[in-house]
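Next comes query.txt, with compact mmCIF, C-alpha atoms and all ligand atoms.
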# COMPACT_ATOMS: atom_id res chain seq x y z
CA MET Y 1 0.99 7.56 26.63
CA THR Y 2 1.59 5.28 23.63
CA THR Y 3 2.98 7.02 20.55
CA PRO Y 4 0.48 6.70 17.72
CA VAL Y 5 1.65 4.70 14.69
CA LEU Y 6 0.08 7.36 12.52
CA LYS Y 7 -0.80 10.91 13.44
CA ILE Y 8 -2.25 13.28 10.89
CA SER Y 9 -2.97 16.87 11.77
CA HIS Y 10 -5.02 19.38 9.83
CA LEU Y 11 -4.58 17.96 6.34
CA PRO Y 12 -6.28 19.90 3.58
CA ARG Y 13 -5.85 19.37 -0.15
CA PHE Y 14 -6.93 21.70 -2.91
CA PHE Y 15 -7.04 20.82 -6.60
CA GLY Y 16 -7.16 24.31 -8.07
CA SER Y 17 -10.19 25.86 -6.38
CA ILE Y 18 -11.71 22.45 -5.48
CA ARG Y 19 -11.27 21.58 -1.81
CA ALA Y 20 -11.02 17.77 -2.01
CA VAL Y 21 -10.10 17.35 1.66
CA HIS Y 22 -11.08 19.96 4.22
CA ASP Y 23 -9.26 19.54 7.54
CA VAL Y 24 -8.59 15.95 8.54
CA SER Y 25 -6.94 15.01 11.83
CA PHE Y 26 -6.78 11.60 13.48
CA ASP Y 27 -4.43 9.13 15.16
CA VAL Y 28 -4.01 5.40 14.69
CA THR Y 29 -2.65 3.65 17.77
CA PRO Y 30 -0.81 0.29 17.67
CA GLY Y 31 -3.24 -2.55 16.96
CA GLU Y 32 -6.07 -0.17 16.05
CA LEU Y 33 -8.32 -0.65 13.02
CA LYS Y 34 -9.71 2.64 11.75
CA ALA Y 35 -12.15 3.18 8.87
CA LEU Y 36 -12.67 6.29 6.75
CA ILE Y 37 -16.23 6.46 5.47
CA GLY Y 38 -17.91 8.94 3.15
CA PRO Y 39 -19.81 9.14 -0.15
CA ASN Y 40 -18.18 9.14 -3.59
CA GLY Y 41 -15.92 12.15 -3.92
CA ALA Y 42 -15.71 12.72 -0.14
CA GLY Y 43 -11.90 12.68 -0.31
CA LYS Y 44 -10.99 9.23 1.04
CA SER Y 45 -8.56 8.29 -1.75
CA THR Y 46 -7.06 11.79 -1.67
CA CYS Y 47 -6.48 11.27 2.04
CA PHE Y 48 -4.73 7.93 1.44
CA ASN Y 49 -2.62 9.54 -1.28
CA MET Y 50 -1.51 12.26 1.14
CA LEU Y 51 -0.59 9.71 3.82
CA MET Y 52 1.44 7.55 1.45
CA GLY Y 53 3.15 10.38 -0.46
CA GLN Y 54 1.48 9.97 -3.85
CA ILE Y 55 0.38 13.60 -3.46
CA SER Y 56 1.42 16.28 -0.97
CA PRO Y 57 -1.04 17.91 1.40
CA SER Y 58 -1.59 21.64 0.83
CA SER Y 59 -0.52 22.07 4.50
CA GLY Y 60 -0.63 20.09 7.76
CA THR Y 61 1.54 17.24 9.00
CA VAL Y 62 1.75 13.45 8.85
CA GLU Y 63 3.79 11.61 11.49
CA LEU Y 64 4.74 7.95 11.50
CA ASN Y 65 5.79 6.61 14.90
CA GLY Y 66 6.40 10.17 16.07
CA LYS Y 67 8.57 11.18 13.08
CA PRO Y 68 7.42 13.54 10.33
CA ILE Y 69 6.92 11.96 6.89
CA THR Y 70 5.00 14.81 5.24
CA GLY Y 71 6.09 15.26 1.63
CA LEU Y 72 8.34 12.18 1.47
CA PRO Y 73 8.06 10.10 -1.72
CA PRO Y 74 6.03 6.85 -1.52
CA ARG Y 75 9.11 4.59 -1.68
CA ASP Y 76 10.58 6.23 1.45
CA ILE Y 77 7.31 5.91 3.33
CA TRP Y 78 7.05 2.27 2.18
CA ARG Y 79 10.60 1.63 3.43
CA ARG Y 80 9.50 2.94 6.83
CA GLY Y 81 6.98 0.07 7.03
CA VAL Y 82 3.78 1.41 5.50
CA GLY Y 83 1.91 -0.79 3.03
CA ARG Y 84 -1.12 0.09 0.95
CA THR Y 85 -3.64 -1.24 -1.49
CA PHE Y 86 -5.22 0.92 -4.16
CA GLN Y 87 -8.82 1.59 -5.19
CA ILE Y 88 -7.68 1.00 -8.78
CA THR Y 89 -5.58 -2.13 -8.49
CA GLY Y 90 -2.05 -2.10 -9.85
CA THR Y 91 -0.53 -5.51 -10.56
CA TYR Y 92 1.78 -6.94 -13.22
CA GLN Y 93 -0.80 -8.25 -15.68
CA SER Y 94 1.65 -10.34 -17.73
CA MET Y 95 2.79 -12.31 -14.66
CA THR Y 96 1.08 -14.99 -12.64
CA VAL Y 97 -0.49 -14.37 -9.26
CA ALA Y 98 2.47 -15.97 -7.41
CA GLU Y 99 5.03 -14.06 -9.50
CA ASN Y 100 3.39 -10.78 -8.47
CA VAL Y 101 3.86 -11.65 -4.80
CA GLN Y 102 7.39 -12.94 -5.47
CA MET Y 103 8.23 -9.55 -7.01
CA ALA Y 104 7.02 -7.85 -3.83
CA LEU Y 105 9.10 -10.21 -1.68
CA ILE Y 106 12.16 -9.70 -3.87
CA SER Y 107 11.71 -5.95 -3.49
CA HIS Y 108 11.16 -6.22 0.27
CA HIS Y 109 14.40 -8.20 0.62
CA ARG Y 110 16.19 -5.66 -1.62
CA ARG Y 111 17.08 -8.29 -4.20
CA LEU Y 112 15.57 -6.47 -7.19
CA PHE Y 113 18.92 -6.30 -8.89
CA SER Y 114 19.92 -9.92 -8.35
CA MET Y 115 20.64 -11.40 -11.76
CA LEU Y 116 20.14 -15.04 -10.86
CA PRO Y 117 19.18 -17.70 -13.40
CA ASP Y 118 16.54 -19.09 -11.02
CA THR Y 119 14.85 -15.79 -10.10
CA HIS Y 120 11.48 -17.29 -11.01
CA ARG Y 121 11.84 -19.63 -8.01
CA LEU Y 122 12.95 -16.92 -5.58
CA TYR Y 123 10.55 -16.67 -2.59
CA ARG Y 124 8.06 -18.93 -4.35
CA GLU Y 125 7.13 -20.80 -1.14
CA GLU Y 126 6.77 -17.58 0.87
CA ALA Y 127 4.58 -16.16 -1.89
CA VAL Y 128 2.25 -19.16 -1.86
CA ALA Y 129 2.06 -18.95 1.96
CA LEU Y 130 0.97 -15.30 1.71
CA LEU Y 131 -1.54 -16.21 -0.99
CA ASP Y 132 -2.90 -18.80 1.40
CA VAL Y 133 -3.47 -16.07 3.99
CA VAL Y 134 -5.73 -14.20 1.55
CA GLY Y 135 -7.41 -17.37 0.20
CA MET Y 136 -5.66 -17.28 -3.18
CA ALA Y 137 -3.20 -20.19 -2.96
CA ASP Y 138 -5.24 -22.27 -5.39
CA GLN Y 139 -4.88 -19.48 -7.97
CA ALA Y 140 -1.10 -19.09 -7.61
CA ASP Y 141 -0.32 -20.05 -11.22
CA ARG Y 142 -3.17 -18.20 -12.90
CA ALA Y 143 -2.36 -15.27 -15.14
CA CYS Y 144 -3.00 -12.04 -13.31
CA ALA Y 145 -4.66 -10.53 -16.40
CA ILE Y 146 -7.69 -12.81 -16.12
CA LEU Y 147 -8.49 -12.23 -12.44
CA ALA Y 148 -11.80 -10.75 -11.31
CA TYR Y 149 -11.63 -7.44 -9.40
CA GLY Y 150 -12.30 -9.09 -6.02
CA ASP Y 151 -9.40 -11.50 -6.54
CA LEU Y 152 -7.13 -8.64 -7.65
CA LYS Y 153 -7.93 -6.89 -4.37
CA ARG Y 154 -6.96 -10.04 -2.46
CA LEU Y 155 -3.77 -10.34 -4.49
CA GLU Y 156 -2.94 -6.69 -3.72
CA LEU Y 157 -3.37 -7.47 -0.05
CA ALA Y 158 -0.89 -10.37 -0.32
CA ILE Y 159 1.52 -8.04 -2.15
CA ALA Y 160 1.18 -5.45 0.62
CA LEU Y 161 1.69 -8.10 3.33
CA ALA Y 162 4.90 -9.26 1.60
CA HIS Y 163 6.51 -6.14 3.06
CA ALA Y 164 5.39 -7.09 6.60
CA PRO Y 165 4.06 -3.55 7.11
CA THR Y 166 3.60 -2.06 10.56
CA LEU Y 167 0.82 0.11 9.13
CA LEU Y 168 -1.47 -1.03 6.33
CA LEU Y 169 -3.63 1.42 4.36
CA MET Y 170 -6.41 -0.18 2.33
CA ASP Y 171 -8.36 1.99 -0.13
N1 LIG D 201 -6.00 14.64 -9.28
C1 LIG D 201 -7.15 15.31 -9.09
N2 LIG D 201 -7.38 16.48 -9.73
C2 LIG D 201 -8.51 17.18 -9.52
N3 LIG D 201 -9.50 16.79 -8.71
C3 LIG D 201 -9.33 15.63 -8.05
C4 LIG D 201 -8.16 14.82 -8.21
N4 LIG D 201 -8.27 13.72 -7.42
C5 LIG D 201 -9.47 13.84 -6.80
N5 LIG D 201 -10.09 14.96 -7.19
C6 LIG D 201 -11.40 15.43 -6.68
O1 LIG D 201 -11.31 15.43 -5.27
C7 LIG D 201 -12.53 15.01 -4.68
C8 LIG D 201 -12.27 13.82 -3.77
O2 LIG D 201 -11.96 12.66 -4.58
P1 LIG D 201 -11.53 11.26 -3.96
O3 LIG D 201 -11.18 10.39 -5.11
O4 LIG D 201 -10.50 11.48 -2.91
O5 LIG D 201 -12.89 10.76 -3.26
P2 LIG D 201 -13.26 9.33 -2.63
O6 LIG D 201 -13.85 9.61 -1.28
O7 LIG D 201 -12.08 8.43 -2.69
O8 LIG D 201 -14.40 8.84 -3.62
P3 LIG D 201 -14.84 7.34 -4.05
O9 LIG D 201 -15.75 6.83 -2.96
O10 LIG D 201 -15.54 7.53 -5.35
O11 LIG D 201 -13.59 6.50 -4.19
C9 LIG D 201 -13.48 14.72 -5.85
O12 LIG D 201 -14.24 15.88 -6.05
C10 LIG D 201 -12.54 14.47 -7.00
O13 LIG D 201 -13.15 14.78 -8.22
MG MG D 202 -11.73 6.64 -3.54
If you convert what's in this file into structure tokens, what do you get?
Amino acid sequence: MTTPVLKISHLPRFFGSIRAVHDVSFDVTPGELKALIGPNGAGKSTCFNMLMGQISPSSGTVELNGKPITGLPPRDIWRRGVGRTFQITGTYQSMTVAENVQMALISHHRRLFSMLPDTHRLYREEAVALLDVVGMADQADRACAILAYGDLKRLELAIALAHAPTLLLMD
């Protein structure tokens, strides 16, 4: 049997006495697209936050490719090939659209601490290619601060893809 990319077993999460997530279990197999649906407050974002390490589950386990990742910080889970987008978008507002993706590529290639005079050109072509994938190439040099929410979501997707994730979580 194929090992699931993601396997979550019996995840609950309490906030004080509020039970935000009851008892969630599911697998995601390679190539599978799975959707979480539910009304406002159902616990979808809380579930994503438990998978990606932003918050810890009250109990239960999360496995990535058969290895436990429960309780690891987000950066470690990201390094293991998980990407995500957020319900409330988080981008560098003072940078352009392309620069935001370049930052993600620089981080992916572990060059965050490169002090090069031409950093602003680093991965520029790759960034524009990713923006093309999400239909944003024509907005590459726009300031991020003036983007509409729908475009921010597309930009976040390009940022997530910059890491070439094996599992992508989209809230
Ligand atoms: N940090 C927190 N502290 C306390 N309660 C929280 C916290 N985060 C979420 N909750 C509560 O947990 C429940 C689930 O919230 P969550 O944001 O996961 O729902 P959702 O399904 O993503 O909703 P939406 O469709 O509005 O995005 C809600 O009752 C919410 O108020
Ligand atoms: Mg939500």
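For the pair CA of Pro57 in chain Y and CA of Asp23 in chain Y, the interatomic distance is 10.4 Å.
Here CA of Ala143 in chain Y stands at a distance of 18.4 Å from CA of Leu105 in chain Y.
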Would you kindly return, as an MDAnalysis selection string, each protein, DNA or RNA residue with an atom no farther than 6 Å from any atom of Cys144 in chain Y, considering all atoms listed in the file and excluding same-chain residues fewer than 4 positions away? chainID Y and resid 93 95:97
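Using all atoms listed in the file as the basis for the distance check, residues found within 9 Å of ligand LIG 201 (chain D) are Y:Arg13, Y:Phe14, Y:Phe15, Y:Gly16, Y:Ile18, Y:Arg19, Y:Ala20, Y:Val21, Y:Leu36, Y:Ile37, Y:Gly38, Y:Pro39, Y:Asn40, Y:Gly41, Y:Ala42, Y:Gly43, Y:Lys44, Y:Ser45, Y:Thr46, Y:Cys47, Y:Phe48, Y:Asn49, Y:Ile55, Y:Gln87, Y:Asp171.
Residues with any atom within 8 Å of Val134 in chain Y, counting all atoms listed in the file and excluding same-chain neighbours fewer than 2 positions away, are Leu130, Leu131, Asp132, Met136, Ala137, Arg154, Leu155, Leu157 and Ala158 of chain Y.
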Between CA of Thr85 in chain Y and CA of Ile159 in chain Y, what is the distance, to one decimal in Å? 8.6 Å
From the list Y:Thr119, Y:Thr3, Y:Ser107, Y:Thr61, which residue is nearest Ala164 in chain Y when using all atoms listed in the file? Y:Ser107
